[in-house]
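final.txt follows (compact mmCIF, C-alpha atoms):
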```txt
# COMPACT_ATOMS: atom_id res chain seq x y z
CA MET A 1 -8.80 6.92 7.77
CA ASN A 2 -8.40 3.80 9.87
CA GLN A 3 -8.81 0.17 8.86
CA LYS A 4 -12.34 -0.08 10.21
CA GLU A 5 -13.50 2.87 8.11
CA ILE A 6 -11.77 1.46 5.02
CA ASN A 7 -13.48 -1.91 5.53
CA GLU A 8 -16.84 -0.18 5.92
CA LEU A 9 -16.45 1.44 2.50
CA ARG A 10 -15.06 -1.75 0.91
CA ARG A 11 -18.34 -3.48 1.72
CA ARG A 12 -20.07 -0.91 -0.47
CA PHE A 13 -18.58 -2.27 -3.68
CA ARG A 14 -21.28 -4.81 -4.40
CA ALA A 15 -24.11 -4.44 -6.86
CA ASP A 16 -26.71 -4.83 -4.10
CA ARG A 17 -25.11 -2.29 -1.73
CA SER A 18 -23.58 0.45 -3.83
CA SER A 19 -25.40 3.41 -5.36
CA ILE A 20 -22.86 3.54 -8.20
CA SER A 21 -24.93 3.74 -11.36
CA ARG A 22 -22.35 4.64 -14.02
CA ILE A 23 -18.73 3.91 -14.78
CA TYR A 24 -16.70 6.59 -16.52
CA GLY A 25 -13.21 6.34 -17.90
CA CYS A 26 -10.92 6.15 -20.89
CA PHE A 27 -8.47 3.80 -22.61
CA VAL A 28 -4.99 5.31 -23.08
CA ASN A 29 -2.46 3.91 -25.56
CA ALA A 30 1.35 3.93 -25.51
CA ASN A 31 1.40 7.33 -27.25
CA ARG A 32 -0.61 8.84 -24.38
CA GLU A 33 -3.64 9.18 -26.61
CA ILE A 34 -7.21 8.45 -25.54
CA VAL A 35 -8.45 5.84 -28.01
CA ALA A 36 -11.81 5.17 -26.35
CA HIS A 37 -14.05 6.65 -23.66
CA ILE A 38 -16.11 4.74 -21.14
CA ASP A 39 -19.53 5.98 -20.08
CA SER A 40 -21.56 2.92 -19.17
CA SER A 41 -24.59 2.24 -17.02
CA LEU A 42 -24.25 -0.64 -14.60
CA GLY A 43 -27.98 -1.24 -15.03
CA VAL A 44 -27.54 -2.60 -18.57
CA MET A 45 -24.36 -4.61 -17.93
CA LYS A 46 -24.19 -8.33 -17.41
CA GLN A 47 -23.73 -9.34 -13.78
CA GLU A 48 -20.18 -10.59 -14.33
CA GLU A 49 -19.21 -7.27 -15.95
CA VAL A 50 -20.62 -5.32 -13.01
CA GLU A 51 -18.63 -7.46 -10.59
CA VAL A 52 -15.40 -6.95 -12.54
CA TYR A 53 -15.81 -3.17 -12.68
CA LEU A 54 -16.69 -2.92 -8.98
CA GLY A 55 -13.80 -5.26 -8.15
CA ARG A 56 -11.32 -3.00 -9.96
CA LEU A 57 -12.67 0.04 -8.10
CA LYS A 58 -12.72 -1.74 -4.73
CA LYS A 59 -9.06 -2.65 -5.13
CA CYS A 60 -8.01 0.92 -4.34
CA LEU A 61 -9.15 0.30 -0.75
CA SER A 62 -6.87 -2.72 -0.30
CA GLY A 63 -3.55 -3.28 1.42
CA THR A 64 -1.77 -1.96 4.48
CA MET A 65 -2.07 1.56 5.82
CA GLY A 66 1.19 3.41 5.33
CA ARG A 67 2.41 0.93 2.70
CA ASN A 68 -0.25 0.53 0.01
CA LEU A 69 -2.69 3.07 1.40
CA ILE A 70 -1.30 6.57 1.90
CA ASP A 71 -3.00 9.55 3.53
CA VAL A 72 -2.77 12.63 1.30
CA GLU A 73 -3.21 15.91 3.18
CA PHE A 74 -4.17 19.24 1.63
CA THR A 75 -3.14 22.54 3.15
CA THR A 76 -5.80 24.97 4.26
CA GLN A 77 -4.82 27.24 1.37
CA GLN A 78 -5.36 24.44 -1.12
CA VAL A 79 -8.83 23.73 0.24
CA VAL A 80 -9.74 27.43 0.20
CA ASN A 81 -8.49 28.19 -3.28
CA SER A 82 -6.52 25.85 -5.52
CA PRO A 83 -7.27 24.35 -8.96
CA GLU A 84 -6.43 20.81 -7.83
CA HIS A 85 -8.91 20.87 -4.94
CA ARG A 86 -11.61 22.59 -7.00
CA LEU A 87 -11.25 19.82 -9.59
CA LEU A 88 -11.72 17.08 -7.02
CA MET A 89 -14.69 18.87 -5.46
CA ALA A 90 -16.27 19.34 -8.90
CA LEU A 91 -16.03 15.60 -9.57
CA ARG A 92 -17.41 14.76 -6.15
CA ASP A 93 -20.29 17.25 -6.24
CA SER A 94 -21.32 16.26 -9.78
CA HIS A 95 -21.02 12.53 -9.02
CA CYS A 96 -18.40 12.45 -11.81
CA GLN A 97 -20.97 13.67 -14.36
CA ASP A 98 -19.01 16.87 -15.07
CA ASP A 99 -17.38 15.95 -18.38
CA LYS A 100 -14.99 18.94 -18.33
CA ALA A 101 -13.76 17.94 -14.87
CA ARG A 102 -13.33 14.35 -16.02
CA ASP A 103 -11.33 15.45 -19.05
CA GLU A 104 -9.11 17.65 -16.89
CA LEU A 105 -8.39 14.76 -14.51
CA TYR A 106 -7.64 12.43 -17.43
CA GLY A 107 -5.26 15.04 -18.83
CA ARG A 108 -3.38 15.43 -15.55
CA ILE A 109 -2.92 11.68 -15.24
CA ILE A 110 -2.00 11.03 -18.88
CA SER A 111 0.51 13.88 -19.12
CA THR A 112 2.59 12.58 -16.20
CA LEU A 113 1.97 8.91 -15.44
CA GLN A 114 4.63 6.46 -16.58
CA LEU A 115 3.71 2.79 -16.33
CA GLU A 116 5.83 -0.15 -17.37
CA GLN A 117 2.83 -1.34 -19.39
CA ASN A 118 2.19 1.70 -21.54
CA ASN A 119 -1.48 0.98 -22.25
CA TYR A 120 -3.94 1.49 -19.40
CA ILE A 121 -7.49 2.46 -18.55
CA ILE A 122 -8.66 5.10 -16.09
CA LEU A 123 -11.93 4.34 -14.30
CA LEU A 124 -14.09 6.77 -12.30
CA ALA A 125 -17.21 6.15 -10.26
CA ALA A 126 -19.18 8.06 -7.59
CA ASP A 127 -21.16 6.69 -4.68
CA SER A 128 -23.51 8.16 -2.07
CA TYR A 129 -23.37 6.29 1.23
CA ASP A 130 -26.19 6.84 3.70
CA VAL A 131 -23.98 6.28 6.76
CA PRO A 132 -25.88 4.35 9.46
CA TYR A 133 -25.89 5.88 12.91
CA ARG A 134 -23.65 3.94 15.29
CA GLY A 135 -24.69 3.82 18.93
CA SER A 136 -22.56 3.68 22.07
CA ASP A 137 -22.60 -0.13 21.81
CA ASP A 138 -20.74 0.22 18.45
CA GLU A 139 -23.69 -1.36 16.64
CA ASP A 140 -25.13 0.18 13.46
CA GLN A 141 -28.74 1.33 13.47
CA PRO A 142 -29.79 0.99 9.81
CA ASP A 143 -32.98 2.99 10.30
CA ALA A 144 -31.07 6.02 11.63
CA SER A 145 -28.70 7.91 9.36
CA ALA A 146 -25.74 9.97 10.54
CA GLU A 147 -25.08 11.69 7.19
CA VAL A 148 -24.80 11.01 3.47
CA PHE A 149 -21.18 10.53 2.46
CA ASN A 150 -20.65 11.53 -1.17
CA TYR A 151 -17.34 10.42 -2.64
CA PHE A 152 -15.71 9.10 -5.77
CA VAL A 153 -12.90 6.71 -6.60
CA CYS A 154 -10.46 6.80 -9.48
CA VAL A 155 -8.28 3.84 -10.47
CA VAL A 156 -5.66 3.11 -13.11
CA CYS A 157 -5.46 -0.42 -14.51
CA PRO A 158 -2.70 -1.53 -16.89
CA VAL A 159 -3.83 -3.16 -20.13
CA LYS A 160 -1.88 -6.16 -21.41
CA GLU A 161 -1.72 -7.28 -24.99
CA PRO A 162 -3.18 -10.77 -25.54
CA THR A 163 -1.02 -13.78 -26.32
CA ALA A 164 -1.93 -16.55 -28.73
CA ASP A 165 -3.08 -19.69 -26.89
CA LEU A 166 -4.48 -23.04 -27.81
CA ARG A 167 -8.13 -22.78 -26.82
CA PHE A 168 -11.08 -25.13 -26.94
CA PHE A 169 -14.17 -24.11 -28.96
CA TYR A 170 -17.28 -25.86 -27.72
CA ASP A 171 -19.36 -25.11 -30.79
CA VAL A 172 -17.07 -27.14 -33.07
CA ASN A 173 -15.57 -29.40 -30.38
CA GLU A 174 -12.02 -28.53 -31.46
CA PHE A 175 -8.87 -26.75 -30.26
CA HIS A 176 -7.58 -23.73 -32.21
CA VAL A 177 -4.85 -21.14 -31.65
CA THR A 178 -6.40 -17.74 -31.09
CA SER A 179 -6.04 -14.53 -29.08
CA GLY A 180 -8.68 -12.18 -27.82
CA GLY A 181 -8.58 -8.43 -27.27
CA PRO A 182 -6.40 -6.50 -24.80
CA ILE A 183 -6.72 -7.70 -21.20
CA VAL A 184 -7.33 -5.27 -18.33
CA ASP A 185 -4.96 -6.14 -15.50
CA ASN A 186 -5.70 -5.57 -11.81
CA THR A 187 -5.70 -2.06 -10.36
CA ALA A 188 -2.21 -0.60 -10.02
CA LEU A 189 -2.99 2.87 -8.66
CA GLY A 190 -5.97 4.83 -7.44
CA PHE A 191 -7.45 7.20 -4.91
CA LEU A 192 -10.60 8.02 -2.98
CA PHE A 193 -11.83 11.55 -2.33
CA PRO A 194 -12.75 12.86 0.14
CA ALA A 195 -11.43 10.77 3.01
CA PHE A 196 -13.89 8.98 5.29
CA ASP A 197 -12.58 10.10 8.69
CA GLY A 198 -14.65 9.49 11.80
CA ARG A 199 -17.26 8.04 9.41
CA SER A 200 -17.68 11.51 7.93
CA ALA A 201 -16.36 13.43 4.90
CA ASN A 202 -12.97 15.08 5.35
CA ILE A 203 -12.23 17.29 2.33
CA TYR A 204 -8.77 18.05 3.70
CA ASN A 205 -7.65 14.49 2.94
CA ALA A 206 -7.67 11.88 0.20
CA LEU A 207 -6.64 8.23 0.35
CA TYR A 208 -4.08 7.15 -2.25
CA PHE A 209 -3.47 3.53 -3.28
CA ALA A 210 -0.44 1.85 -4.86
CA ARG A 211 -0.45 -1.90 -5.41
CA LYS A 212 3.36 -2.03 -5.11
CA PRO A 213 4.71 -0.06 -2.12
CA ASP A 214 8.01 0.54 -3.91
CA GLU A 215 6.21 2.06 -6.91
CA LEU A 216 4.11 4.90 -5.53
CA HIS A 217 4.37 6.86 -8.79
CA GLU A 218 5.11 10.18 -7.17
CA GLU A 219 4.49 11.86 -10.52
CA LEU A 220 0.79 10.97 -10.28
CA ILE A 221 0.54 12.27 -6.70
CA GLY A 222 2.12 15.55 -7.78
CA ALA A 223 -0.11 15.92 -10.85
CA VAL A 224 -3.43 15.24 -9.11
CA PHE A 225 -2.90 16.55 -5.58
CA ARG A 226 0.01 19.02 -5.95
CA THR A 227 1.40 17.82 -2.62
CA GLU A 228 4.81 16.52 -1.58
CA PRO A 229 4.88 12.77 -2.31
CA PRO A 230 5.37 10.59 0.80
CA MET A 231 8.39 8.36 1.24
CA SER A 232 7.68 4.82 0.03
CA ALA A 233 7.81 1.90 2.47
CA PRO A 234 11.09 0.48 1.04
CA SER A 235 12.64 3.96 1.16
CA GLN A 236 11.56 4.34 4.79
CA ARG A 237 13.13 1.00 5.70
CA SER A 238 16.36 1.90 3.90
CA ALA A 239 16.53 5.34 5.58
CA PHE A 240 15.89 3.78 9.01
CA HIS A 241 18.65 1.21 8.53
CA THR A 242 21.04 3.90 7.30
CA ALA A 243 20.29 6.00 10.37
CA LEU A 244 21.09 3.05 12.64
CA SER A 245 24.35 2.27 10.87
CA ASP A 246 25.60 5.84 10.47
CA ALA A 247 24.62 7.14 13.91
CA LEU A 248 25.67 4.14 16.00
CA GLU A 249 28.88 3.44 14.01
CA SER A 250 30.95 0.84 15.94
CA GLU A 251 28.13 0.38 18.45
CA CYS A 252 25.81 -0.94 15.74
CA SER A 253 26.28 -4.58 16.74
CA TYR A 254 24.34 -7.64 15.62
CA GLU A 255 22.68 -7.79 19.04
CA VAL A 256 21.45 -4.18 18.80
CA VAL A 257 19.99 -4.58 15.32
CA GLN A 258 18.42 -7.92 16.24
CA ALA A 259 16.84 -6.37 19.34
CA VAL A 260 15.41 -3.44 17.37
CA ASN A 261 13.92 -5.81 14.78
CA GLU A 262 12.51 -8.09 17.46
CA GLN A 263 10.88 -5.17 19.28
CA LEU A 264 9.34 -3.82 16.07
CA ARG A 265 7.98 -7.23 15.09
CA GLY A 266 6.59 -7.63 18.59
CA ARG A 267 4.74 -4.31 18.35
CA ILE A 268 3.30 -5.34 14.97
CA ALA A 269 2.12 -8.70 16.32
CA GLU A 270 0.51 -7.11 19.39
CA HIS A 271 -1.25 -4.53 17.25
CA LYS A 272 -2.58 -7.20 14.90
CA GLU A 273 -3.81 -9.32 17.81
CA SER A 274 -5.55 -6.35 19.41
CA LYS A 275 -7.48 -5.70 16.16
CA ASN A 276 -7.03 -1.99 16.70
CA PRO A 277 -8.27 -0.29 13.51
CA GLU A 278 -5.91 2.66 13.92
CA LYS A 279 -2.61 2.71 12.07
CA LEU A 280 0.29 1.41 14.18
CA THR A 281 2.86 4.10 14.94
CA LEU A 282 6.02 4.27 17.01
CA SER A 283 7.68 7.34 18.46
CA THR A 284 11.36 8.10 18.07
CA GLN A 285 11.63 8.09 21.87
CA GLU A 286 10.48 4.45 22.00
CA VAL A 287 13.26 3.40 19.63
CA GLU A 288 15.75 5.42 21.73
CA THR A 289 14.67 3.40 24.77
CA ILE A 290 15.39 0.14 22.93
CA LEU A 291 18.88 1.36 22.04
CA ARG A 292 19.64 2.45 25.60
CA ASP A 293 18.46 -0.91 26.93
CA GLU A 294 20.97 -2.56 24.59
CA GLY A 295 23.81 -0.47 26.01
CA VAL A 296 24.19 2.08 23.21
CA SER A 297 25.91 5.23 24.50
CA GLU A 298 23.90 8.41 24.90
CA PRO A 299 25.76 10.42 22.20
CA ARG A 300 25.00 7.67 19.66
CA VAL A 301 21.36 7.49 20.72
CA GLU A 302 21.02 11.25 20.30
CA ALA A 303 22.70 11.12 16.89
CA PHE A 304 20.23 8.42 15.81
CA ALA A 305 17.27 10.49 17.05
CA ARG A 306 18.41 13.55 15.10
CA SER A 307 18.87 11.51 11.93
CA VAL A 308 15.48 9.80 12.17
CA GLU A 309 13.58 12.98 13.01
CA SER A 310 15.10 14.74 9.99
CA GLU A 311 13.80 11.94 7.75
CA PHE A 312 10.49 10.97 9.36
CA GLY A 313 9.62 13.49 12.04
CA GLU A 314 8.78 12.04 15.45
CA THR A 315 6.49 9.23 14.24
CA LEU A 316 7.55 5.96 12.63
CA LEU A 317 5.50 3.20 10.99
CA PRO A 318 6.87 -0.16 12.23
CA THR A 319 5.25 -2.09 9.35
CA ASN A 320 7.44 -0.13 6.93
CA LEU A 321 10.68 -0.69 8.85
CA VAL A 322 10.82 -4.50 8.91
CA ASP A 323 9.77 -7.19 6.47
CA GLY A 324 9.03 -10.90 6.70
CA ARG A 325 12.63 -12.06 6.61
CA PHE A 326 15.86 -11.65 8.54
CA GLU A 327 18.96 -11.48 6.38
CA ILE A 328 22.66 -11.54 7.23
CA THR A 329 25.19 -10.85 4.47
CA THR A 330 28.96 -10.86 4.20
CA PRO A 331 30.97 -10.21 1.01
CA GLU A 332 30.90 -13.96 0.31
CA VAL A 333 27.77 -15.34 2.03
CA LYS A 334 24.09 -14.46 2.38
CA ILE A 335 21.96 -16.06 5.11
CA THR A 336 18.18 -15.64 5.08
CA MET A 337 15.97 -16.94 7.87
CA SER A 338 12.65 -16.48 9.56
CA PRO A 339 12.81 -13.42 11.87
CA GLU A 340 11.75 -15.59 14.81
CA TYR A 341 14.93 -17.64 14.44
CA SER A 342 17.29 -14.66 14.59
CA GLU A 343 17.58 -14.83 18.38
CA ASN A 344 19.37 -18.19 18.03
CA ILE A 345 22.24 -16.63 16.07
CA GLU A 346 25.41 -15.78 17.99
CA THR A 347 28.47 -13.73 17.15
CA ARG A 348 31.90 -14.72 18.47
CA VAL A 349 35.55 -13.80 18.09
CA LEU A 350 37.65 -17.01 18.00
CA ASN A 351 41.40 -16.87 17.71
CA GLY A 352 41.15 -13.27 16.52
CA ARG A 353 38.58 -13.97 13.76
CA LYS A 354 34.94 -12.90 13.82
CA TYR A 355 32.29 -15.61 13.35
CA ILE A 356 28.54 -15.85 12.99
CA LEU A 357 27.39 -19.04 14.73
CA ILE A 358 24.23 -20.80 13.54
CA PRO A 359 22.85 -23.81 15.47
CA ALA A 360 22.82 -26.86 13.19
CA ASP A 361 21.57 -29.84 15.20
CA ASP A 362 19.78 -31.81 12.49
CA GLY A 363 18.03 -31.55 9.13
CA ILE A 364 21.14 -30.14 7.42
CA GLU A 365 21.35 -30.28 3.61
CA VAL A 366 24.05 -29.21 1.17
CA ASN A 367 22.79 -28.71 -2.39
CA GLY A 368 19.83 -30.89 -1.49
CA VAL A 369 21.95 -33.68 0.02
CA ALA A 370 21.35 -34.56 3.67
CA VAL A 371 24.62 -34.30 5.61
CA SER A 372 25.88 -34.66 9.16
CA ILE A 373 28.47 -32.64 11.04
CA ARG A 374 31.37 -34.69 12.25
CA SER A 375 32.04 -34.45 15.99
CA ASP A 376 35.76 -35.28 15.74
CA ARG A 377 36.67 -31.79 14.49
```
Show this structure as structure tokens.
Amino acid sequence: MNQKEINELRRRFRADRSSISRIYGCFVNANREIVAHIDSSLGVMKQEEVEVYLGRLKKCLSGTMGRNLIDVEFTTQQVVNSPEHRLLMALRDSHCQDDKARDELYGRIISTLQLEQNNYIILLAADSYDVPYRGSDDEDQPDASAEVFNYFVCVVCPVKEPTADLRFFYDVNEFHVTSGGPIVDNTALGFLFPAFDGRSANIYNALYFARKPDELHEELIGAVFRTEPPMSAPSQRSAFHTALSDALESECSYEVVQAVNEQLRGRIAEHKESKNPEKLTLSTQEVETILRDEGVSEPRVEAFARSVESEFGETLLPTNLVDGRFEITTPEVKITMSPEYSENIETRVLNGRKYILIPADDGIEVNGVAVSIRSDR
């Protein structure tokens, strides 16, 4: 799925647009026991309750592709004959009304999922989207339908215990200490099945969501999809940096690393400006070109390529390889700056010692105290 297709489905999660009629789910306690089931009609709920439920479900279509939103691919054999795919198809085809299928999914999640907050709810809902036909001018024609896209979403929301607070009671015009019931936190994990690829159903794929990229909960991916969990975004960044350091060895200079980061950030900025809905990717060969341009020797470039391809294959996701800061560390000092400023940093060897030089013209503070740099030294 690309960002445009995700946004198209996100717009469905409103009471006046969605065909979701019921919310299913269960409340799981710290002992992994179901203490309550959810089987509620949106038609009898208050408006604010409907909005909260749809908001929790919609959350599983949020975030960045490759970081929070992960493509899950099934093998042909799984689609032809596997219990995990049959389960997902049963839920989709029954619009989540198959209670045995729901119970099996709950069981798979509960038996494996480990959340920091032990209590959580699982929510399920199915939707039928009459996909408007889109003409060559890229404009929807609401009166012409391309197909009906039947899908369901499943989300997991942690449940927090309430804390006692001083609250105002309007009926008696007084403050009293009180606590309510358990509070459902925002969606932590979830998935959509089947994928909405080319604005059509793709039963070979699902879309998996994790609110925190460094907490994919591979155990849930394995339990539901029986597929190899993908590498998380922080793990990808760490593996990429390790490949640079180990393969380039003494040629892994500040200038080389700064150039790689600058090129990656540039690609990300260009992609964002272009508003291309497709996920931004980068080939190993493109990174090799950057290294060669910075004077890295061919044996080191080839060693880097082998290392990266063994970890990622031939395609990289730039958004997972850099973050919003540029950090330099030594055993005694850590320097953090905006990535855009990194090109102003210089490295020098003076009198046999290695230095990192940072321009400091004005606005210098030490422990919050404005200071100047004396020119007589």
Taking only C-alpha atoms into account, produce a table as JSON lines in which each residue of stretch 238-296 of chain A with an atom at most 8 Å from an atom of stretch 311-314 of chain A appears once, together with its shortest atom pair and the distance in Å to one decimal, ordered by chain and rising number.
```
{"residue": "A:Ala239", "atom": "CA", "partner": "A:Glu311", "partner_atom": "CA", "distance": 7.5}
{"residue": "A:Ser283", "atom": "CA", "partner": "A:Glu314", "partner_atom": "CA", "distance": 5.7}
{"residue": "A:Thr284", "atom": "CA", "partner": "A:Glu314", "partner_atom": "CA", "distance": 5.4}
```
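Counting from atom CA of A:Val148, the distance to atom CA of A:Ala101 is 22.5 Å.
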Which value, in Å to one decimal, gives the distance between atom CA of A:Leu54 and atom CA of A:Arg108?
->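 Atom CA of A:Arg108 lies 23.6 Å from atom CA of A:Leu54.
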Neighbours of A:Gly66 within 8 Å (all atoms listed in the file; same-chain residues fewer than 2 positions away dropped), as number ranges by chain?
-> A: 64, 68-71, 233, 279, 317, 319-320
Compare A:Ala247, A:Leu42, A:Ile335, A:Met65 by their minimum atom-to-atom distance to A:Ile6, counting only C-alpha atoms, and give me the closest one.
->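 Under the stated criterion, the closest residue is A:Met65.
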Proximity to A:Leu61 - best of A:Pro234, A:Pro83, A:Gly190, A:Pro182, all atoms listed in the file |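 Counting all atoms listed in the file, the residue closest to A:Leu61 is A:Gly190.
We find atom CA of A:Val52 and atom CA of A:Phe152 to be spaced 17.4 Å apart.
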Between A:Val80, A:Ala243, A:Val366, A:Ile345, which has the minimum distance to A:Ser310 (counting all atoms listed in the file)?
-> A:Ala243
From A:Arg12, A:Arg325, A:Arg348, A:Arg199, residue lying nearest A:Glu262 [all atoms listed in the file] |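 The answer is A:Arg325, which sits nearest to A:Glu262.
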List every residue of stretch 9-70 of chain A that has an atom at most 8 Å from any atom of stretch 119-127 of chain A, giving for each one its closest atom pair and the distance in Å to one decimal, counting only C-alpha atoms, sorted by chain and then by ascending residue number, as a tab-separated table.
```
residue	atom	partner	partner_atom	distance
A:Ser18	CA	A:Asp127	CA	6.7
A:Ser19	CA	A:Asp127	CA	5.4
A:Ile20	CA	A:Asp127	CA	5.0
A:Arg22	CA	A:Ala125	CA	6.5
A:Ile23	CA	A:Ala125	CA	5.3
A:Tyr24	CA	A:Leu124	CA	5.0
A:Gly25	CA	A:Leu123	CA	4.3
A:Cys26	CA	A:Ile122	CA	5.4
A:Phe27	CA	A:Ile121	CA	4.4
A:Val28	CA	A:Tyr120	CA	5.4
A:Asn29	CA	A:Asn119	CA	4.5
A:Ala30	CA	A:Asn119	CA	5.2
A:Leu57	CA	A:Leu123	CA	7.6
```
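Between A:Asp16 and the residues A:Gln285, A:Gln47, A:Gln3, A:Ser82, the shortest atom-to-atom distance, using all atoms listed in the file, involves A:Gln47.
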Pick from A:Ile183, A:Ile356, A:His241, A:Val308, whichever lies nearest to A:Thr330 using only C-alpha atoms =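 Ranked by minimum distance to A:Thr330, first place goes to A:Ile356.
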